[in-house]
$ cat protein.csv   # CSV, C-alpha atoms
chain,number,residue,atom,x,y,z
A,1,MET,CA,-20.8,-2.8,32.2
A,2,CYS,CA,-24.2,-4.4,33.0
A,3,PHE,CA,-27.3,-2.3,33.2
A,4,TYR,CA,-27.8,-2.7,36.9
A,5,GLN,CA,-24.2,-1.5,37.6
A,6,GLN,CA,-24.8,1.6,35.4
A,7,PHE,CA,-28.1,2.1,37.2
A,8,HIS,CA,-26.5,2.0,40.7
A,9,ASP,CA,-23.6,4.2,39.5
A,10,ALA,CA,-26.2,6.9,38.6
A,11,TYR,CA,-27.3,7.0,42.3
A,12,PRO,CA,-24.0,6.6,44.3
A,13,ASN,CA,-25.5,8.2,47.4
A,14,LYS,CA,-28.7,6.3,47.7
A,15,GLU,CA,-29.1,3.1,49.8
A,16,ARG,CA,-31.4,0.9,47.8
A,17,HIS,CA,-32.6,1.0,44.2
A,18,LEU,CA,-34.8,-1.4,42.4
A,19,LEU,CA,-36.6,-1.3,39.1
A,20,ILE,CA,-40.2,-2.3,39.9
A,21,TYR,CA,-42.3,-3.2,36.9
A,22,VAL,CA,-46.1,-2.7,37.4
A,23,ASP,CA,-48.8,-4.0,35.2
A,24,SER,CA,-52.3,-5.6,35.3
A,25,SER,CA,-54.2,-8.5,33.8
A,26,MET,CA,-57.8,-9.7,33.8
A,27,VAL,CA,-59.4,-13.0,34.6
A,28,SER,CA,-63.0,-13.5,33.3
A,29,GLU,CA,-65.9,-15.6,34.4
A,30,ALA,CA,-67.9,-16.5,31.3
A,31,SER,CA,-71.3,-17.0,33.0
A,32,SER,CA,-71.2,-13.7,35.1
A,33,ARG,CA,-71.6,-15.8,38.3
A,34,LEU,CA,-69.0,-13.7,40.2
A,35,LEU,CA,-70.6,-12.1,43.2
A,36,LYS,CA,-68.6,-8.9,42.5
A,37,GLY,CA,-66.7,-8.2,39.3
A,38,ILE,CA,-66.1,-5.8,36.5
A,39,ASP,CA,-69.3,-6.3,34.4
A,40,HIS,CA,-68.6,-6.2,30.6
A,41,LYS,CA,-72.4,-6.2,29.8
A,42,ASN,CA,-71.9,-9.2,27.5
A,43,GLY,CA,-72.5,-12.0,30.0
A,44,LYS,CA,-69.0,-11.9,31.4
A,45,LYS,CA,-67.5,-10.5,34.6
A,46,SER,CA,-63.9,-10.0,35.2
A,47,VAL,CA,-61.5,-9.7,38.1
A,48,LYS,CA,-58.4,-7.5,37.6
A,49,TYR,CA,-55.2,-8.1,39.4
A,50,SER,CA,-52.3,-5.6,39.3
A,51,MET,CA,-48.8,-6.7,40.3
A,52,ALA,CA,-45.4,-5.3,41.0
A,53,PHE,CA,-42.5,-7.4,39.9
A,54,ASP,CA,-38.8,-6.7,40.7
A,55,GLY,CA,-37.3,-8.7,37.8
A,56,LEU,CA,-37.1,-11.9,39.7
A,57,LEU,CA,-40.1,-12.2,42.0
A,58,PRO,CA,-43.5,-10.6,42.4
A,59,CYS,CA,-43.4,-8.2,45.3
A,60,HIS,CA,-47.0,-6.9,45.5
A,61,SER,CA,-50.4,-7.7,44.2
A,62,GLU,CA,-53.9,-6.1,44.3
A,63,VAL,CA,-57.2,-7.6,43.3
A,64,PHE,CA,-59.9,-5.3,41.9
A,65,THR,CA,-63.6,-6.0,41.3
A,66,ARG,CA,-65.1,-2.6,40.9
A,67,ALA,CA,-65.8,-1.1,37.5
A,68,GLU,CA,-63.7,2.0,37.9
A,69,TYR,CA,-60.6,-0.1,38.3
A,70,SER,CA,-60.9,-1.3,34.7
A,71,SER,CA,-58.9,1.9,34.0
A,72,GLU,CA,-55.2,1.6,34.6
A,73,ASP,CA,-55.2,5.2,35.7
A,74,MET,CA,-57.1,4.0,38.7
A,75,ALA,CA,-55.6,0.5,39.3
A,76,LEU,CA,-51.9,1.1,38.9
A,77,PRO,CA,-51.5,4.2,41.1
A,78,GLU,CA,-53.2,2.3,44.0
A,79,ALA,CA,-51.0,-0.7,43.5
A,80,ILE,CA,-47.9,1.4,43.4
A,81,MET,CA,-48.7,3.5,46.4
A,82,ASN,CA,-49.7,0.4,48.5
A,83,HIS,CA,-46.3,-1.1,47.6
A,84,VAL,CA,-44.6,2.1,48.5
A,85,LYS,CA,-46.2,2.0,52.0
A,86,GLN,CA,-44.8,-1.5,52.6
A,87,GLU,CA,-41.2,-0.4,52.1
A,88,THR,CA,-39.6,2.2,54.4
A,89,HIS,CA,-37.0,4.5,52.8
A,90,HIS,CA,-37.4,2.8,49.5
A,91,GLN,CA,-35.5,4.1,46.4
A,92,ASN,CA,-37.5,2.2,43.8
A,93,ILE,CA,-38.2,3.3,40.3
A,94,TYR,CA,-41.6,2.1,39.0
A,95,VAL,CA,-41.7,1.3,35.3
A,96,ILE,CA,-45.1,1.5,33.7
A,97,ASP,CA,-46.6,0.9,30.3
A,98,ARG,CA,-49.0,3.1,28.3
A,99,GLY,CA,-52.0,2.3,30.5
A,100,LEU,CA,-51.2,5.1,32.9
A,101,GLN,CA,-51.4,8.5,31.3
A,102,SER,CA,-52.9,10.8,34.0
A,103,THR,CA,-50.8,13.9,34.5
A,104,ARG,CA,-52.4,14.3,37.9
A,105,THR,CA,-51.2,10.9,38.9
A,106,MET,CA,-47.7,11.6,37.7
A,107,ASN,CA,-47.8,14.9,39.6
A,108,SER,CA,-48.9,13.1,42.8
A,109,PHE,CA,-46.0,10.6,42.3
A,110,THR,CA,-43.6,13.5,42.3
A,111,ASP,CA,-45.2,15.1,45.4
A,112,ASP,CA,-44.9,11.7,47.2
A,113,ALA,CA,-41.3,11.2,46.1
A,114,VAL,CA,-42.2,8.2,44.0
A,115,THR,CA,-39.9,7.9,40.9
A,116,PHE,CA,-41.4,6.5,37.8
A,117,ILE,CA,-40.7,5.8,34.1
A,118,ALA,CA,-43.8,5.6,31.9
A,119,ARG,CA,-44.3,5.1,28.2
A,120,ALA,CA,-46.5,8.0,27.0
A,121,LYS,CA,-48.8,8.2,24.0
A,122,GLU,CA,-47.1,9.6,21.0
A,123,ASN,CA,-47.7,13.3,20.2
A,124,ARG,CA,-48.7,14.1,23.8
A,125,LYS,CA,-49.3,17.8,24.2
A,126,HIS,CA,-46.5,19.5,26.2
A,127,VAL,CA,-44.5,22.7,26.5
A,128,GLU,CA,-40.7,22.3,26.2
A,129,LEU,CA,-38.8,24.2,28.9
A,130,GLN,CA,-35.2,23.1,28.3
A,131,SER,CA,-33.4,20.6,26.1
A,132,LEU,CA,-31.3,18.1,28.1
A,133,VAL,CA,-29.3,16.9,25.1
A,134,ARG,CA,-25.6,17.7,25.6
A,135,GLN,CA,-23.4,18.8,22.8
A,136,ALA,CA,-21.9,15.8,20.9
A,137,GLN,CA,-24.1,13.4,23.0
A,138,ASP,CA,-24.3,9.9,21.6
A,139,SER,CA,-27.8,9.3,20.3
A,140,ASP,CA,-27.4,5.5,20.3
A,141,LEU,CA,-29.8,4.0,22.9
A,142,GLY,CA,-29.2,0.4,21.9
A,143,GLU,CA,-32.1,-0.6,19.8
A,144,LEU,CA,-33.4,3.0,19.6
A,145,THR,CA,-32.1,6.3,18.4
A,146,LEU,CA,-32.5,9.4,20.6
A,147,ILE,CA,-34.6,12.2,19.0
A,148,LYS,CA,-35.4,14.4,22.0
A,149,ASP,CA,-34.5,14.6,25.7
A,150,SER,CA,-36.2,17.6,27.3
A,151,LYS,CA,-37.6,19.1,30.5
A,152,VAL,CA,-41.3,19.8,29.8
A,153,GLN,CA,-44.6,20.7,31.3
A,154,LEU,CA,-47.6,18.5,30.6
A,155,TYR,CA,-51.2,19.5,30.2
A,156,THR,CA,-54.1,18.1,32.3
A,157,GLY,CA,-57.8,18.5,32.1
A,158,LYS,CA,-59.5,20.6,34.8
A,159,ALA,CA,-63.2,19.8,35.4
A,160,ILE,CA,-65.5,22.8,34.8
A,161,HIS,CA,-69.1,22.6,35.9
A,162,ASN,CA,-71.4,24.8,33.8
A,163,LYS,CA,-74.7,26.3,34.9
A,164,LYS,CA,-76.7,23.3,33.6
A,165,GLY,CA,-74.7,20.9,35.8
A,166,ASN,CA,-72.8,19.4,32.9
A,167,ILE,CA,-69.0,18.8,33.2
A,168,HIS,CA,-66.5,19.7,30.5
A,169,TYR,CA,-62.7,19.8,30.8
A,170,ARG,CA,-60.4,22.7,30.2
A,171,GLU,CA,-56.7,22.1,29.5
A,172,GLU,CA,-54.2,23.6,31.8
A,173,LEU,CA,-50.5,23.2,32.4
A,174,VAL,CA,-49.2,21.4,35.5
A,175,GLU,CA,-46.4,23.4,37.1
A,176,THR,CA,-44.3,20.3,38.0
A,177,PRO,CA,-41.7,19.7,35.3
A,178,PHE,CA,-41.2,16.2,33.9
A,179,ARG,CA,-38.7,14.7,31.5
A,180,LEU,CA,-39.7,13.7,28.0
A,181,ILE,CA,-37.5,11.3,26.0
A,182,ILE,CA,-38.5,10.6,22.4
A,183,ALA,CA,-36.7,7.8,20.6
A,184,LYS,CA,-37.3,5.8,17.4
A,185,THR,CA,-36.5,2.2,16.3
A,186,ILE,CA,-33.6,1.6,13.9
A,187,THR,CA,-35.7,-0.1,11.2
A,188,ASP,CA,-36.9,0.6,7.6
A,189,ASP,CA,-40.3,1.4,9.2
A,190,PRO,CA,-39.3,3.4,12.3
A,191,LYS,CA,-41.6,3.5,15.3
A,192,GLU,CA,-41.4,6.3,17.9
A,193,PHE,CA,-41.4,5.7,21.7
A,194,TRP,CA,-42.2,8.5,24.1
A,195,PHE,CA,-41.1,8.1,27.7
A,196,ILE,CA,-42.1,10.4,30.6
A,197,THR,CA,-40.2,10.3,33.9
A,198,ASN,CA,-39.6,12.5,36.9
A,199,ASP,CA,-36.0,11.2,37.1
A,200,PHE,CA,-33.4,13.6,35.8
A,201,ASP,CA,-30.3,11.7,36.8
A,202,LEU,CA,-30.3,8.6,34.6
A,203,SER,CA,-29.1,8.9,31.0
A,204,ALA,CA,-31.6,8.6,28.2
A,205,LYS,CA,-30.1,5.2,27.3
A,206,GLN,CA,-30.7,3.9,30.9
A,207,VAL,CA,-34.3,5.1,30.8
A,208,ALA,CA,-34.9,3.3,27.5
A,209,GLN,CA,-33.2,0.1,28.8
A,210,ALA,CA,-35.2,0.3,32.0
A,211,TYR,CA,-38.4,0.3,30.0
A,212,ARG,CA,-37.2,-2.5,27.8
A,213,ARG,CA,-36.7,-4.7,30.8
A,214,ARG,CA,-40.4,-4.2,31.6
A,215,TRP,CA,-40.9,-7.2,29.3
A,216,ASP,CA,-40.0,-9.3,32.4
A,217,ILE,CA,-43.4,-8.8,33.9
A,218,GLU,CA,-45.2,-9.8,30.7
A,219,VAL,CA,-43.2,-13.1,30.7
A,220,PHE,CA,-44.2,-13.6,34.3
A,221,PHE,CA,-47.9,-13.0,33.6
A,222,ARG,CA,-47.7,-15.5,30.7
A,223,PHE,CA,-46.0,-18.0,33.0
A,224,ILE,CA,-48.6,-17.9,35.8
A,225,LYS,CA,-51.5,-18.0,33.3
A,226,GLN,CA,-50.2,-20.8,31.1
A,227,GLU,CA,-48.2,-22.9,33.5
A,228,ILE,CA,-49.9,-22.4,36.9
A,229,ASN,CA,-53.4,-21.8,35.5
A,230,VAL,CA,-54.1,-18.5,37.3
A,231,ASN,CA,-56.5,-17.7,34.3
A,232,HIS,CA,-59.1,-20.0,35.8
A,233,LEU,CA,-61.4,-18.8,38.6
A,234,VAL,CA,-61.9,-21.4,41.4
A,235,SER,CA,-63.8,-19.1,43.7
A,236,LEU,CA,-66.7,-16.7,42.9
A,237,ASN,CA,-66.0,-14.1,45.7
A,238,LYS,CA,-63.2,-11.6,46.1
A,239,ASN,CA,-61.8,-13.2,49.2
A,240,GLY,CA,-61.6,-16.6,47.7
A,241,ILE,CA,-60.0,-15.2,44.5
A,242,GLU,CA,-57.4,-13.3,46.6
A,243,VAL,CA,-56.5,-16.6,48.5
A,244,MET,CA,-56.2,-18.4,45.2
A,245,LEU,CA,-53.9,-15.6,43.8
A,246,TYR,CA,-51.7,-15.6,46.9
A,247,MET,CA,-51.3,-19.4,46.9
A,248,THR,CA,-50.4,-19.2,43.2
A,249,LEU,CA,-47.8,-16.5,43.8
A,250,ILE,CA,-46.2,-18.5,46.6
A,251,VAL,CA,-45.9,-21.5,44.2
A,252,ALA,CA,-44.6,-19.1,41.4
A,253,MET,CA,-42.0,-17.6,43.7
A,254,LEU,CA,-40.7,-21.0,44.7
A,255,ILE,CA,-40.4,-22.1,41.1
A,256,LEU,CA,-38.8,-18.8,40.1
A,257,ILE,CA,-36.2,-19.1,42.8
A,258,TYR,CA,-35.5,-22.7,41.7
A,259,LYS,CA,-35.3,-21.4,38.1
A,260,LYS,CA,-32.8,-18.7,39.0
A,261,ALA,CA,-30.7,-21.1,41.1
A,262,ASN,CA,-30.4,-23.7,38.4
A,263,GLN,CA,-30.3,-21.3,35.4
A,264,ILE,CA,-33.1,-23.1,33.5
A,265,GLY,CA,-36.3,-22.1,31.7
A,266,TYR,CA,-39.8,-21.7,33.2
A,267,LYS,CA,-41.2,-25.0,31.9
A,268,THR,CA,-38.1,-27.0,32.9
A,269,ALA,CA,-38.1,-25.4,36.3
A,270,LYS,CA,-41.8,-26.2,36.9
A,271,ARG,CA,-41.3,-29.9,35.8
A,272,ARG,CA,-38.1,-30.5,37.8
A,273,PHE,CA,-39.4,-28.7,40.9
A,274,LYS,CA,-42.6,-30.8,40.8
A,275,MET,CA,-40.5,-34.0,40.5
A,276,GLU,CA,-38.1,-33.1,43.3
A,277,LEU,CA,-41.0,-32.0,45.6
A,278,ARG,CA,-42.8,-35.3,45.0
A,279,ASN,CA,-39.6,-37.3,45.6
A,280,LEU,CA,-39.0,-35.4,48.8
A,281,ALA,CA,-42.5,-36.0,50.0
A,282,ILE,CA,-42.1,-39.8,49.3
A,283,ALA,CA,-38.8,-39.8,51.2
A,284,MET,CA,-40.3,-38.1,54.2
A,285,ILE,CA,-43.2,-40.6,54.3
A,286,VAL,CA,-40.7,-43.6,54.1
A,287,VAL,CA,-38.6,-42.1,56.9
A,288,ASP,CA,-41.6,-41.3,59.1
A,289,CYS,CA,-43.0,-44.9,58.8
A,290,ASP,CA,-39.5,-46.5,59.3
A,291,GLY,CA,-39.8,-48.0,55.8
A,292,ASN,CA,-43.0,-49.9,56.5
A,293,LEU,CA,-45.7,-48.4,54.3
A,294,ASN,CA,-48.3,-50.7,56.0
A,295,HIS,CA,-48.5,-48.1,58.7
A,296,PHE,CA,-50.5,-45.9,56.3
A,297,GLU,CA,-53.1,-48.5,55.3
A,298,THR,CA,-55.5,-47.5,58.0

$ encode --input "protein.csv" --output "structure tokens"
Amino acid sequence: MCFYQQFHDAYPNKERHLLIYVDSSMVSEASSRLLKGIDHKNGKKSVKYSMAFDGLLPCHSEVFTRAEYSSEDMALPEAIMNHVKQETHHQNIYVIDRGLQSTRTMNSFTDDAVTFIARAKENRKHVELQSLVRQAQDSDLGELTLIKDSKVQLYTGKAIHNKKGNIHYREELVETPFRLIIAKTITDDPKEFWFITNDFDLSAKQVAQAYRRRWDIEVFFRFIKQEINVNHLVSLNKNGIEVMLYMTLIVAMLILIYKKANQIGYKTAKRRFKMELRNLAIAMIVVDCDGNLNHFET
């Protein structure tokens, strides 16, 4: 049975379910000429774009130029919540890498009925409330072996202002329970993966496989950077950069649809799509001028 069939079987009563992978990338301007950008204090400024990707096509994008958005704990939640607002009665599960670690953000996702799967930092401090491992449960997660599957409470830092006006943080537990899944690779040098989610219906294997498919957005980023040159800034202001990004995404979506329809790779799809588009344009010109290209000399 394919993963998506297993995924839908876990939610038989819900209308629509998509795994949405969310990640960010940076584009830098070497001479710091950007009117607004994330200043690295080394002569470079960057623009950050965060995207949501459904495994086939990009479905949302945000462009950030303010310094605070260099943190994924700022950028990704905004991108996710803006995508949520676009979809009425959505049942998406947002899959996130280790950039987002804020317990407050995870708690706000739960309050807003946003389901997520995030990779956590190893040895994250928590309190175990209940083990979710069933008796005689299969620990095989595919390329991983299950170590722990538990309902937990996570710590967060509460800002405390002292008499001198300085701020320090005191750890406190968040009441909202989360699910912590710990697994390790089946290798001679095993590596642990910690996953935090607010979903208690999927199996541990489905959670691990959902995260593994997050690699799709990494491949998409590499595609638009290497094949469609989105890593070059044509404009120096945010509005121009957004227009450039949207135009790039339109082209990328057409190529991805062509790729999917013809079951071919990224580079082949780009080359063949370009050739067919050129031939179509030539054919339209010939038809429009009744075969007499002299009509276009003046």

$ residues_around --input "protein.csv" --residues "segment 229-236 of chain A" --least-positions-apart "2" --cutoff "9 Å" --atoms "only C-alpha atoms" --output "ChimeraX atom specification"
/A:26-29,33-36,223-227,238-241,244-245,248

$ closest_residue --input "protein.csv" --among "A:Phe116, A:Phe220, A:Ile282, A:Lys260" --to "Phe200 of chain A" --atoms "only C-alpha atoms"
A:Phe116

$ residues_around --input "protein.csv" --residues "Leu146 of chain A" --least-positions-apart "6" --cutoff "7 Å" --atoms "all atoms listed in the file" --output "MDAnalysis selection string"
chainID A and resid 139:140 182:184

$ residues_around --input "protein.csv" --residues "Gln209 of chain A" --least-positions-apart "2" --cutoff "12 Å" --atoms "only C-alpha atoms" --output "JSON, numbers by chain"
{"A": [2, 3, 4, 6, 7, 19, 95, 117, 140, 141, 142, 143, 144, 183, 195, 202, 203, 204, 205, 206, 207, 211, 212, 213, 214, 215]}

$ closest_residue --input "protein.csv" --among "A:Met275, A:Met253, A:Leu56, A:Ile196" --to "Glu122 of chain A" --atoms "all atoms listed in the file"
A:Ile196

$ residues_around --input "protein.csv" --residues "Ala79 of chain A" --least-positions-apart "6" --cutoff "10 Å" --atoms "only C-alpha atoms" --output "list in words"
Val22, Asp23, Ser24, Tyr49, Ser50, Met51, Ala52, His60, Ser61, Glu62 and Val63 of chain A

$ closest_atom_pairs --input "protein.csv" --of "segment 145-235 of chain A" --to "segment 123-134 of chain A" --cutoff "8 Å" --atoms "only C-alpha atoms" --output "tab-separated table"
residue	atom	partner	partner_atom	distance
A:Lys148	CA	A:Val133	CA	7.3
A:Asp149	CA	A:Leu132	CA	5.3
A:Ser150	CA	A:Ser131	CA	4.3
A:Lys151	CA	A:Gln130	CA	5.2
A:Val152	CA	A:Glu128	CA	4.4
A:Gln153	CA	A:Val127	CA	5.2
A:Leu154	CA	A:His126	CA	4.6
A:Tyr155	CA	A:His126	CA	6.2

$ atom_distance --input "protein.csv" --atom1 "atom CA of Asp39 of chain A" --atom2 "atom CA of Asn237 of chain A"
14.1 Å

$ residues_around --input "protein.csv" --residues "Met81 of chain A" --least-positions-apart "2" --cutoff "12 Å" --atoms "all atoms listed in the file" --output "PyMOL selection string"
chain A and resi 22+51-52+60-62+74-79+83-87+90+92+94+105-106+108-110+112-116
